[in-house]
Each structure stands twice: as structure tokens, then as C-alpha cells.
Amino acid sequence: MGCFFSKKAKRKGSSKGAEQQQQDGEESRQQYSWDKREKVDPKDYMFNGLKDQTIGRLPDKVAGQQFVIQDCENCNIYIFDHSATITIDDCTNCRIFLGPVKGSVFFRDCKDCKCVVACQQFRTRDCRKMDIFLCCSTQPIIESSTGMKFGCFQFYYPELAGQLKEAGLSIFNNTWSNIHDFTPVSGETNWSLLPSDYSVHDYVPLPDSDELKVVRVSTDANRSIVPVTWGQRPKKSDESCLVVFFAGDYTIANARKMIDEMVGKGLSLIQTKEVAMKPEDAKRVFKDRATDFIPLLEKGSVVALEFNGDGAVESCHSVIGSIFSGTEVFVSENKTSSSHDVENFYNFADIQMGI
């Protein structure tokens, strides 16, 4: 009897133990990150085989995923979000906006397309007759491509600034006009720069679908999140001025304010750069004035602006004195030294960005 009772109790206890183990196992499995991760449907990150459509993705709908666009014809395509990488294959006569891309944008076998793109790396292969408004942190590359025309990125919507930050892109690092042709043809030019008076709206229209019209888009150059630079077009004047803002709470706002003031005075913003500097870099760039600025370098990256136009140096000093009198700023001292300042800084920055 005692033995029978003992065996029954043992079986009952074993059953409870198994149930408890199952519950513990379920709770344990729920803690795994891959069980919690939202399932990704590749179809949500792809436009394939579309024709005569307006389609896109709203902010927060891509959220850093990879995206693919392929075999689309006569479409208006808008990605109003940041992504990891984007490939665009075999598209014809499309208007395409791509929000900030952390990695690469690669166009292959596309023709007659007009695009607005912000990315870390940009490349085309076997493309022809494309107009591209570009913000690119590294040197853009074309390969086996013809009839390529480039302009500076100019675009605005409220979420764009945050998306650029999510993608790790600086609005001041834009090499849009420094194109490398990987397969040049002797006596021919495979790419050129668009006229300076272009309007993005004339190339890539605002979205007209009810779904996408909720994004408050502007293609006004004066509202562009990325500063609109002159690039490698011939300069209008032989006088440039270098202005460098050092890291602080208002560095970006100060740089944007300076740009607005100087462009409003009729000067051209040739190029911009955001880069970290070391004391030895400051000595090479700022020469005798380096000791004043070396302590400021520990706070973070500097933002440099090159303005061009007759009287550029005098105009820059006037604005700095009246608006930024309490801010530490480097400004070229005179017209004679300014060209050396610009050359010294951007030679350093190009080497630094290439590391």
C-alpha cells in the first residue's frame, strides 16, 4: 500500500514538474530577441514591375531597411524615409525621390529618369540620360553610363533632418559635383552639371496621390535641409572667403544663418564640410591663429563654409561682427590669404574624409 501510494505520488509530481518545465520553457523562449522582432515582409520594401503609377513610402515605414526598385516604367516614386541601401534596376522614364540612405544607392540599366537622392555612396552602371539632384558624402561614381547630369540636392519635409541623422549623413558633407567616371571615353563627356538656375520641381514633381500628399514637401532651394552649393562650376569671382564654426550647441544653426546672410548679399556658397580636427591639423590650416582655436577642437567637429564673390572677405567679417560677435569663428583675414585658407582647409578635409 505504502509502495503504491508512493508511486502514484511520484507520477503526480512528475506531471506537475513537466507542466512547470513547459511553462518555464515558454517564458524563456519569449525572452529571445528574434521572437520579439517584428517579421519583415520583403514585399513591403520593394517596387517591382509598376507602370504609370504614383507610389511611395511614408516616414517611419522603411525605418532603415534595404529597399529595391526594379522594372518600373513612367512612375513617380517617393521614399520619404531613411533606408540601409537601395538598388534601382531596369527603370525607364521614372521620377524618383530617395530619402536618406545610410549606405549605397546603385542605379543599373536605367534610362530617362530624374532623381533626388541623399546617400553615403552613389553609383550608376549601364545607365543613360539621367538627371540627378544629389547629396553624397563620398565621390559619386558612374560606370558605362552616358548623358548623366548632376545638380545639388534641394528638398524639404519636416522629418528629413531627423532621417539624415538616423542615416549618419551630415548636411555639410556633399560632393555632388565631384563625379568620377570609371569608364571614360576619349573625346567624349559622359556627364555634366545642370544649370545653376534649375528647379527640382521642374524635374521631380510633388506627389499628387492622397496618401503621399500628407508629407509637407517643399522643393524651394531656400528651404532645403541640405545647403545648396555651387560645386565645381567655374567660380564667378577670384575672391573667396573661408568661414569655420567650431562645435557647440548652435553650430548648425549658426552655419545656416551665415549661409542665409551671405547668399542674401549675392555671394555664392561654393562648398561646405563638417569634419573633426586635431591640434596638428589646426596648425596646418589656421597657421598663426591656431592657438586660439585648438582648445575648441575637443568639443567636436567643425563646420567650414567657402563663400565666393567680389568683396566676400569684407562681407563675411561684417556679418560675423554684427551677428556672431560672441561666437568663436575663423574668418579669412584678407583677400590675399583667403585663397590659401580655402586650399589648406579643403585639402586637409579631403584627405581626412578619404581615411
# chains A, B, ... in the order shown; residues from 1 in each chain; ligands from 1

call {"tool": "residues_around", "arguments": {"residues": "Pro279 in chain A", "least_positions_apart": "5", "cutoff": "8 Å", "atoms": "only C-alpha atoms", "output": "PyMOL selection string"}}
result
chain A and resi 290+294+297

call {"tool": "select_by_dssp", "arguments": {"residues": "range 148-285 of chain A", "states": "helix (DSSP H, G or I)", "output": "VMD selection string"}}
result
chain A and resid 160 to 166 200 to 202 212 to 214 221 to 223 251 to 264 279 to 285

call {"tool": "residues_around", "arguments": {"residues": "Met262 in chain A", "least_positions_apart": "4", "cutoff": "8 Å", "atoms": "only C-alpha atoms", "output": "list in words"}}
result
Met258, Gly266, Leu267, Ser268, Phe307, Ser315 and Cys316 of chain A

call {"tool": "atom_distance", "arguments": {"atom1": "CA of Glu306 in chain A", "atom2": "CA of Pro100 in chain A"}}
result
24.5 Å

call {"tool": "residues_around", "arguments": {"residues": "Thr272 in chain A", "least_positions_apart": "3", "cutoff": "12 Å", "atoms": "only C-alpha atoms", "output": "mmCIF file with C-alpha atoms, in the first residue's frame"}}
result
data_model
loop_
_atom_site.group_PDB
_atom_site.id
_atom_site.type_symbol
_atom_site.label_atom_id
_atom_site.label_comp_id
_atom_site.auth_asym_id
_atom_site.auth_seq_id
_atom_site.Cartn_x
_atom_site.Cartn_y
_atom_site.Cartn_z
ATOM 1 C CA CYS A 135 23.682 64.776 -51.708
ATOM 2 C CA SER A 137 29.160 62.019 -48.634
ATOM 3 C CA SER A 170 25.904 65.361 -42.469
ATOM 4 C CA ILE A 171 24.126 68.086 -44.410
ATOM 5 C CA PHE A 172 27.511 69.782 -44.870
ATOM 6 C CA ASN A 173 29.319 66.843 -46.497
ATOM 7 C CA ASN A 174 28.086 66.844 -50.072
ATOM 8 C CA THR A 175 30.371 66.021 -53.011
ATOM 9 C CA TRP A 176 27.560 66.079 -55.576
ATOM 10 C CA VAL A 226 20.927 70.363 -47.339
ATOM 11 C CA PRO A 227 22.639 73.680 -48.216
ATOM 12 C CA VAL A 228 22.599 74.313 -51.959
ATOM 13 C CA THR A 229 26.220 74.671 -53.075
ATOM 14 C CA TRP A 230 27.781 75.936 -56.299
ATOM 15 C CA GLY A 231 30.045 72.898 -56.592
ATOM 16 C CA CYS A 241 36.452 83.544 -48.048
ATOM 17 C CA LEU A 242 36.709 80.657 -45.592
ATOM 18 C CA VAL A 243 34.455 80.698 -42.524
ATOM 19 C CA VAL A 244 34.802 77.966 -39.869
ATOM 20 C CA PHE A 245 32.372 77.435 -36.982
ATOM 21 C CA ILE A 252 24.490 74.021 -37.289
ATOM 22 C CA ALA A 255 26.230 77.935 -40.074
ATOM 23 C CA ARG A 256 22.763 78.006 -41.631
ATOM 24 C CA MET A 258 25.622 82.579 -42.023
ATOM 25 C CA ILE A 259 24.694 80.919 -45.314
ATOM 26 C CA SER A 268 27.822 82.024 -53.815
ATOM 27 C CA LEU A 269 28.194 79.151 -51.359
ATOM 28 C CA VAL A 275 34.984 67.271 -40.146
ATOM 29 C CA VAL A 302 33.995 71.962 -37.183
ATOM 30 C CA VAL A 303 31.751 73.240 -39.983
ATOM 31 C CA ALA A 304 33.518 75.086 -42.806
ATOM 32 C CA LEU A 305 31.936 77.244 -45.497
ATOM 33 C CA GLU A 306 33.501 78.729 -48.629
ATOM 34 C CA PHE A 307 31.823 81.850 -49.982
ATOM 35 C CA VAL A 342 40.386 77.656 -48.601
ATOM 36 C CA PHE A 345 41.352 73.556 -45.253
ATOM 37 C CA TYR A 346 39.752 71.598 -48.076
ATOM 38 C CA ALA A 349 39.334 67.804 -45.269
ATOM 39 C CA ASP A 350 39.532 65.745 -48.470
#

call {"tool": "atom_distance", "arguments": {"atom1": "CA of Ile88 in chain A", "atom2": "CA of Tyr156 in chain A"}}
result
22.7 Å

call {"tool": "atom_distance", "arguments": {"atom1": "CA of Ile142 in chain A", "atom2": "CA of Thr92 in chain A"}}
result
17.6 Å

call {"tool": "residues_around", "arguments": {"residues": "Lys213 in chain A", "least_positions_apart": "4", "cutoff": "12 Å", "atoms": "only C-alpha atoms", "output": "number ranges by chain"}}
result
A: 54-58, 78, 80, 157, 205-209, 217-218

call {"tool": "select_by_dssp", "arguments": {"residues": "range 238-270 of chain A", "states": "strand (DSSP E)", "output": "list of chain:residue names"}}
result
A:Ser240, A:Cys241, A:Leu242, A:Val243, A:Val244, A:Phe245, A:Ser268, A:Leu269, A:Ile270

call {"tool": "closest_residue", "arguments": {"among": "A:Val214, A:Cys75, A:Ile351, A:Cys152", "to": "Asp281 in chain A", "atoms": "only C-alpha atoms"}}
result
A:Ile351

call {"tool": "closest_residue", "arguments": {"among": "A:Phe286, A:Phe324, A:Phe122, A:Trp191", "to": "Asp341 in chain A", "atoms": "only C-alpha atoms"}}
result
A:Phe286

call {"tool": "residues_around", "arguments": {"residues": "range 104-111 of chain A", "least_positions_apart": "3", "cutoff": "9 Å", "atoms": "only C-alpha atoms", "output": "MDAnalysis selection string"}}
result
chainID A and resid 84:94 101 117:130 145

call {"tool": "write_last_selection", "arguments": {"atoms": "C-alpha atoms", "output": "PDB file, in the first residue's frame"}}
result
ATOM      1  CA  ALA A  84      20.085  50.997 -45.382  1.00  0.00           C
ATOM      2  CA  THR A  85      20.775  50.579 -49.110  1.00  0.00           C
ATOM      3  CA  ILE A  86      18.714  50.998 -52.278  1.00  0.00           C
ATOM      4  CA  THR A  87      19.166  49.365 -55.682  1.00  0.00           C
ATOM      5  CA  ILE A  88      17.264  50.595 -58.741  1.00  0.00           C
ATOM      6  CA  ASP A  89      17.324  48.288 -61.767  1.00  0.00           C
ATOM      7  CA  ASP A  90      15.841  48.491 -65.267  1.00  0.00           C
ATOM      8  CA  CYS A  91      13.670  51.555 -64.697  1.00  0.00           C
ATOM      9  CA  THR A  92      12.615  53.821 -67.578  1.00  0.00           C
ATOM     10  CA  ASN A  93      11.159  57.343 -67.592  1.00  0.00           C
ATOM     11  CA  CYS A  94      10.630  57.477 -63.828  1.00  0.00           C
ATOM     12  CA  VAL A 101      20.369  56.182 -47.428  1.00  0.00           C
ATOM     13  CA  VAL A 117      18.964  61.262 -53.818  1.00  0.00           C
ATOM     14  CA  ALA A 118      20.735  61.604 -50.430  1.00  0.00           C
ATOM     15  CA  CYS A 119      23.227  58.861 -49.595  1.00  0.00           C
ATOM     16  CA  GLN A 120      26.662  57.832 -48.355  1.00  0.00           C
ATOM     17  CA  GLN A 121      27.719  56.280 -51.688  1.00  0.00           C
ATOM     18  CA  PHE A 122      26.298  56.764 -55.174  1.00  0.00           C
ATOM     19  CA  ARG A 123      26.955  54.672 -58.268  1.00  0.00           C
ATOM     20  CA  THR A 124      25.464  54.059 -61.706  1.00  0.00           C
ATOM     21  CA  ARG A 125      26.220  51.334 -64.238  1.00  0.00           C
ATOM     22  CA  ASP A 126      24.902  50.996 -67.787  1.00  0.00           C
ATOM     23  CA  CYS A 127      22.594  53.996 -67.404  1.00  0.00           C
ATOM     24  CA  ARG A 128      21.809  56.785 -69.837  1.00  0.00           C
ATOM     25  CA  LYS A 129      20.109  60.178 -69.864  1.00  0.00           C
ATOM     26  CA  MET A 130      19.543  60.712 -66.161  1.00  0.00           C
ATOM     27  CA  SER A 145      26.889  55.482 -68.345  1.00  0.00           C
TER      28      SER A 145
END

call {"tool": "residues_around", "arguments": {"residues": "Arg95 in chain A", "least_positions_apart": "2", "cutoff": "6 Å", "atoms": "only C-alpha atoms", "output": "ChimeraX atom specification"}}
result
/A:76,113-115,204
